[in-house]
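**Student:** Quick one: this structure, given as structure tokens, is what I'll be asking you about.
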Amino acid sequence: MNTATLDAAPPANPVPLKQDAAVIGLVGLAHGTSHFSHLLLAPLFPIFMRDFGLSYSDVGLLMSIFFIISGSGQAMAGFVVDRIGARPVLFAAISCFLLASLAGSIATGYSGLVLVAVLAGLGNAPFHPADFTILNQRVSAPRLGYAFSAHGLTGNLGWALAPAFLVGITALADWRTAYRCAALLYIAVLALLFWQREKLRTEVYVRHADAPKGSDLAFMKLPVVWWCFAFFFLSTMTLAVVQSFAPSILKQLYGVGVEAATLTVSAYMLCGALGMFVGGFVAATSKHSDRVVAMAMTAGAALLALCATGWLGGTGTMVVLAATGFAVGIGGPSRDMMIKKATPKGATGRVYGTVYSGLDVGFAVSPMVFGAFMDRGWYAVTLGGAALVLLLSVYAAIGVGRRTVAR
């Protein structure tokens, strides 16, 4: 190769870092907001059970309502994102969260909490197809691994913030004030995203007039898509146990106070965020995303099983439970790379919408199954069951890897 050829070679990454970083930051903020909204209800379950006379099954059903609506809407939202773009869908989603918080601030009973779950579920539905469409279109390919890491990290930070935010303000004032403050938070995020809206613009999918009938659904015939769905379904069932029932399990088994138990969930999410950060470097350099995911989930399942034994006591269980978040978090960015490899060109919104609806189905099913365990006083069995389900997700991740290579 001569000198002229070398001089003519394009730079490894011609897109300025500042441009990619701005998009990643805005999408990350939006994603953190959606994860915050997952926990608009769960951290306050003990208070709602006390004030409204509810059972574990009652409050578990609230999360099921949220995720049934989110999951069924997420698959459809992928088509909407591909047709009209991600930006307007994202703004509508955050507006739903704002309405959910306002509804929570005036709730007077179980029906009011159901309304919160419905509105928040509608808002959550479009987030993954919208987020990943923006990232895949607006972030340069060499930085996608880091973008997925930041995306997962901010999601975990949203999960970590919600319990501390809602329980903390409730302790200082009351839970209605906490919901009013959450509404102000959504207004601030929506205003910032609208101000920077040009950075969130995406190209729309144009369906050609001569395209064969049903071509929009062709991706659903790919087995790898359903293996991805299965992975999200199984791994999320475990996460739902931690978010919805870990504080109650710690209280019942070890007498841990509500505040300390709730902060353990925040610690789990913060450790998960740290794991996501580390996992971003792993995802950017590894060619075998499925293997990284499988190892991370296996480690998380082992730690969760250790928590279920009761050998560690209250403090030890809280520490190891937080460490479980780090183990699972490492696999997060590689998980998203694994899905990207399985996605046909031009179907980002639809595939991510379908695959990530497995997350919502897992969140919907898990509280009903494990809520029944909790009502029977099977607290350790609940943790053990969560570990077993997480281990099953390893098989699904391996299945995705095999079929991605086959394609």
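Residues are named by chain letter and number: chains run A, B, ... in the order of the structure tokens, numbers start at 1 in each chain, and ligands are numbered from 1 in the order shown.
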Could you pull the residues within 12 Å of A:Lys251, counting only C-alpha atoms, minus those fewer than 3 positions along the same chain, as a PyMOL selection string?

**Tutor:** chain A and resi 46+245-248+254-262+264+313-315+317-318+379-380

**Student:** What lies within 9 Å of stretch 15-32 of chain A using only C-alpha atoms, ignoring chain neighbours under 5 positions off, as a VMD selection string?

**Tutor:** chain A and resid 37 90 94 127 to 128 131 to 132 134 to 135 138 to 140 143 146 to 148 150 to 159 189 to 190 192 to 193 196 199 to 200

**Student:** Could you turn the residues from that selection into a file that holds C-alpha atoms, as an mmCIF file, in the first residue's frame?

**Tutor:**
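Result saved to part.cif:
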data_model
loop_
_atom_site.group_PDB
_atom_site.id
_atom_site.type_symbol
_atom_site.label_atom_id
_atom_site.label_comp_id
_atom_site.auth_asym_id
_atom_site.auth_seq_id
_atom_site.Cartn_x
_atom_site.Cartn_y
_atom_site.Cartn_z
ATOM 1 C CA SER A 37 -41.269 4.649 36.680
ATOM 2 C CA LEU A 90 -40.639 9.165 23.583
ATOM 3 C CA ILE A 94 -42.822 10.584 29.538
ATOM 4 C CA PHE A 127 -39.174 2.956 25.648
ATOM 5 C CA HIS A 128 -36.950 0.135 24.425
ATOM 6 C CA ASP A 131 -34.295 4.153 22.796
ATOM 7 C CA PHE A 132 -32.563 1.530 20.709
ATOM 8 C CA ILE A 134 -32.218 6.342 18.388
ATOM 9 C CA LEU A 135 -28.974 4.736 19.561
ATOM 10 C CA ARG A 138 -27.562 8.284 15.825
ATOM 11 C CA VAL A 139 -24.499 6.719 17.518
ATOM 12 C CA SER A 140 -21.485 5.620 15.472
ATOM 13 C CA ARG A 143 -19.192 3.419 20.168
ATOM 14 C CA TYR A 146 -20.359 1.952 25.218
ATOM 15 C CA ALA A 147 -23.766 3.413 24.300
ATOM 16 C CA PHE A 148 -25.480 0.201 25.374
ATOM 17 C CA ALA A 150 -24.529 3.810 29.349
ATOM 18 C CA HIS A 151 -28.102 2.931 28.472
ATOM 19 C CA GLY A 152 -28.185 0.027 30.902
ATOM 20 C CA LEU A 153 -26.261 1.966 33.546
ATOM 21 C CA THR A 154 -28.718 4.869 33.553
ATOM 22 C CA GLY A 155 -31.604 2.405 33.694
ATOM 23 C CA ASN A 156 -30.143 0.885 36.841
ATOM 24 C CA LEU A 157 -29.574 4.342 38.293
ATOM 25 C CA GLY A 158 -33.255 5.064 37.708
ATOM 26 C CA TRP A 159 -34.130 1.883 39.583
ATOM 27 C CA VAL A 189 -36.806 15.734 31.999
ATOM 28 C CA LEU A 190 -39.450 16.379 29.352
ATOM 29 C CA LEU A 192 -34.730 19.117 28.607
ATOM 30 C CA LEU A 193 -35.453 16.488 25.954
ATOM 31 C CA GLN A 196 -32.497 19.043 22.668
ATOM 32 C CA LYS A 199 -30.499 15.148 18.598
ATOM 33 C CA LEU A 200 -33.288 12.570 19.029
#

**Student:** So that each row is one residue of stretch 350-377 of chain A with an atom at most 12 Å from stretch 98-121 of chain A, can you give its shortest atom pair and the distance in Å to one decimal, using only C-alpha atoms, rows by chain and rising number, as CSV?

**Tutor:**
residue,atom,partner,partner_atom,distance
A:Ser357,CA,A:Gly121,CA,11.8
A:Asp360,CA,A:Gly121,CA,9.3
A:Val361,CA,A:Gly121,CA,11.9
A:Phe363,CA,A:Gly121,CA,11.3
A:Ala364,CA,A:Gly121,CA,10.8

**Student:** Would you compute the distance between atom CA of A:Gly85 and atom CA of A:Ile339? Give it in Å to one decimal.

**Tutor:**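 Rounded to one decimal, the two atoms are 20.3 Å apart.
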
**Student:** Counting only C-alpha atoms, figure out which residue out of A:Cys271, A:Val355, A:Leu239, A:Leu304 gets nearest to A:Gly316.

**Tutor:**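 Nearest to A:Gly316: A:Leu304.
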
**Student:** Nearest to A:Asn136: which of A:Thr202, A:Thr236, A:Ser286, A:Ser266 is it, counting only C-alpha atoms?

**Tutor:**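 Ranked by minimum distance to A:Asn136, first place goes to A:Thr202.
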
**Student:** To test your reading of the structure, identify every residue in stretch 173-400 of chain A that backbone DSSP assigns to alpha helix (DSSP H), and report it as number ranges by chain.

**Tutor:** A: 175-195, 223-254, 258-285, 289-309, 313-330, 332-341, 348-375, 379-400

**Student:** Find the residue from A:Gly401, A:Pro126, A:Gly53, A:Gly73 that sits nearest to A:Ser34; use only C-alpha atoms when measuring.

**Tutor:** A:Pro126

**Student:** For a quick check of understanding, using only C-alpha atoms, which of A:Phe48, A:Tyr56, A:Phe36, A:Tyr395 has the smallest distance to A:Leu185?

**Tutor:**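 Smallest distance to A:Leu185 is found for A:Phe36.
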
**Student:** Between A:Val400, A:Val167, A:Leu383, A:Leu144, which has the minimum distance to A:Phe45 (counting only C-alpha atoms)?

**Tutor:** A:Val167

**Student:** For atom CA of A:Ala171 and atom CA of A:Val241, determine how far apart the two atoms are, in Å to one decimal place.

**Tutor:**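 Value for the atom CA of A:Ala171-atom CA of A:Val241 distance: 24.1 Å.
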
**Student:** I'd like the contact shell of A:Gly331 - 9 Å cut-off, only C-alpha atoms, skipping same-chain residues fewer than 2 positions apart - returned as JSON, numbers by chain.

**Tutor:** {"A": [275, 276, 279, 280, 282, 283, 289, 290, 292, 293, 294, 295, 296, 297, 327, 328, 329, 333, 334, 335, 336]}

**Student:** List as a ChimeraX atom specification the protein and nucleic acid residues near A:Ala396, meaning an atom at most 10 Å away when only C-alpha atoms are counted, but skip any in the same chain fewer than 3 places from it.

**Tutor:** /A:224,226-235,290,294,391-393,399-402

**Student:** I need the chosen residues saved as a PDB file, in the first residue's frame, with N, CA, C and O atoms.

**Tutor:**
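Written file, selection_22.pdb:
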ATOM      1  N   VAL A 224     -34.470 -17.057  16.372  1.00  0.00           N
ATOM      2  CA  VAL A 224     -33.581 -16.337  17.282  1.00  0.00           C
ATOM      3  C   VAL A 224     -34.327 -15.231  18.019  1.00  0.00           C
ATOM      4  O   VAL A 224     -34.017 -14.913  19.172  1.00  0.00           O
ATOM      5  N   TRP A 226     -37.340 -15.332  19.163  1.00  0.00           N
ATOM      6  CA  TRP A 226     -38.090 -15.918  20.276  1.00  0.00           C
ATOM      7  C   TRP A 226     -37.176 -16.469  21.355  1.00  0.00           C
ATOM      8  O   TRP A 226     -37.555 -16.526  22.538  1.00  0.00           O
ATOM      9  N   TRP A 227     -35.957 -16.849  20.982  1.00  0.00           N
ATOM     10  CA  TRP A 227     -34.970 -17.201  22.003  1.00  0.00           C
ATOM     11  C   TRP A 227     -34.568 -15.948  22.790  1.00  0.00           C
ATOM     12  O   TRP A 227     -34.374 -16.006  24.011  1.00  0.00           O
ATOM     13  N   CYS A 228     -34.457 -14.813  22.100  1.00  0.00           N
ATOM     14  CA  CYS A 228     -34.192 -13.544  22.788  1.00  0.00           C
ATOM     15  C   CYS A 228     -35.334 -13.207  23.739  1.00  0.00           C
ATOM     16  O   CYS A 228     -35.121 -12.786  24.876  1.00  0.00           O
ATOM     17  N   PHE A 229     -36.555 -13.400  23.262  1.00  0.00           N
ATOM     18  CA  PHE A 229     -37.739 -13.146  24.090  1.00  0.00           C
ATOM     19  C   PHE A 229     -37.693 -14.015  25.349  1.00  0.00           C
ATOM     20  O   PHE A 229     -37.954 -13.534  26.457  1.00  0.00           O
ATOM     21  N   ALA A 230     -37.369 -15.294  25.173  1.00  0.00           N
ATOM     22  CA  ALA A 230     -37.312 -16.218  26.311  1.00  0.00           C
ATOM     23  C   ALA A 230     -36.260 -15.783  27.318  1.00  0.00           C
ATOM     24  O   ALA A 230     -36.474 -15.861  28.545  1.00  0.00           O
ATOM     25  N   PHE A 231     -35.118 -15.311  26.829  1.00  0.00           N
ATOM     26  CA  PHE A 231     -34.071 -14.853  27.733  1.00  0.00           C
ATOM     27  C   PHE A 231     -34.573 -13.691  28.594  1.00  0.00           C
ATOM     28  O   PHE A 231     -34.395 -13.677  29.820  1.00  0.00           O
ATOM     29  N   PHE A 232     -35.198 -12.709  27.963  1.00  0.00           N
ATOM     30  CA  PHE A 232     -35.699 -11.565  28.715  1.00  0.00           C
ATOM     31  C   PHE A 232     -36.783 -11.972  29.702  1.00  0.00           C
ATOM     32  O   PHE A 232     -36.828 -11.477  30.837  1.00  0.00           O
ATOM     33  N   PHE A 233     -37.652 -12.857  29.281  1.00  0.00           N
ATOM     34  CA  PHE A 233     -38.724 -13.311  30.159  1.00  0.00           C
ATOM     35  C   PHE A 233     -38.161 -13.944  31.426  1.00  0.00           C
ATOM     36  O   PHE A 233     -38.564 -13.610  32.553  1.00  0.00           O
ATOM     37  N   LEU A 234     -37.220 -14.851  31.278  1.00  0.00           N
ATOM     38  CA  LEU A 234     -36.690 -15.593  32.418  1.00  0.00           C
ATOM     39  C   LEU A 234     -35.831 -14.716  33.328  1.00  0.00           C
ATOM     40  O   LEU A 234     -35.993 -14.725  34.555  1.00  0.00           O
ATOM     41  N   SER A 235     -34.925 -13.958  32.730  1.00  0.00           N
ATOM     42  CA  SER A 235     -34.023 -13.142  33.552  1.00  0.00           C
ATOM     43  C   SER A 235     -34.788 -12.054  34.300  1.00  0.00           C
ATOM     44  O   SER A 235     -34.424 -11.688  35.423  1.00  0.00           O
ATOM     45  N   ASP A 290     -23.031 -13.766  23.723  1.00  0.00           N
ATOM     46  CA  ASP A 290     -23.854 -14.756  24.403  1.00  0.00           C
ATOM     47  C   ASP A 290     -23.102 -15.430  25.554  1.00  0.00           C
ATOM     48  O   ASP A 290     -23.680 -15.717  26.601  1.00  0.00           O
ATOM     49  N   ALA A 294     -24.106 -15.433  29.479  1.00  0.00           N
ATOM     50  CA  ALA A 294     -24.298 -16.701  30.185  1.00  0.00           C
ATOM     51  C   ALA A 294     -23.470 -16.759  31.470  1.00  0.00           C
ATOM     52  O   ALA A 294     -23.964 -17.175  32.527  1.00  0.00           O
ATOM     53  N   LEU A 391     -30.978 -19.004  36.386  1.00  0.00           N
ATOM     54  CA  LEU A 391     -30.118 -20.024  35.802  1.00  0.00           C
ATOM     55  C   LEU A 391     -30.705 -20.558  34.498  1.00  0.00           C
ATOM     56  O   LEU A 391     -29.963 -20.849  33.540  1.00  0.00           O
ATOM     57  N   LEU A 392     -32.018 -20.671  34.421  1.00  0.00           N
ATOM     58  CA  LEU A 392     -32.661 -21.115  33.178  1.00  0.00           C
ATOM     59  C   LEU A 392     -32.421 -20.118  32.040  1.00  0.00           C
ATOM     60  O   LEU A 392     -32.357 -20.509  30.867  1.00  0.00           O
ATOM     61  N   SER A 393     -32.280 -18.836  32.370  1.00  0.00           N
ATOM     62  CA  SER A 393     -32.042 -17.833  31.330  1.00  0.00           C
ATOM     63  C   SER A 393     -30.694 -18.034  30.641  1.00  0.00           C
ATOM     64  O   SER A 393     -30.501 -17.580  29.505  1.00  0.00           O
ATOM     65  N   GLY A 399     -28.797 -20.361  23.529  1.00  0.00           N
ATOM     66  CA  GLY A 399     -29.612 -20.607  22.340  1.00  0.00           C
ATOM     67  C   GLY A 399     -29.581 -19.444  21.374  1.00  0.00           C
ATOM     68  O   GLY A 399     -29.539 -19.629  20.163  1.00  0.00           O
ATOM     69  N   VAL A 400     -29.582 -18.216  21.896  1.00  0.00           N
ATOM     70  CA  VAL A 400     -29.482 -17.036  21.027  1.00  0.00           C
ATOM     71  C   VAL A 400     -28.153 -17.038  20.286  1.00  0.00           C
ATOM     72  O   VAL A 400     -28.090 -16.796  19.085  1.00  0.00           O
ATOM     73  N   GLY A 401     -27.068 -17.321  21.027  1.00  0.00           N
ATOM     74  CA  GLY A 401     -25.749 -17.322  20.410  1.00  0.00           C
ATOM     75  C   GLY A 401     -25.634 -18.321  19.299  1.00  0.00           C
ATOM     76  O   GLY A 401     -25.093 -18.019  18.220  1.00  0.00           O
ATOM     77  N   ARG A 402     -26.146 -19.500  19.475  1.00  0.00           N
ATOM     78  CA  ARG A 402     -26.081 -20.531  18.444  1.00  0.00           C
ATOM     79  C   ARG A 402     -26.845 -20.134  17.195  1.00  0.00           C
ATOM     80  O   ARG A 402     -26.392 -20.345  16.064  1.00  0.00           O
TER      81      ARG A 402
END
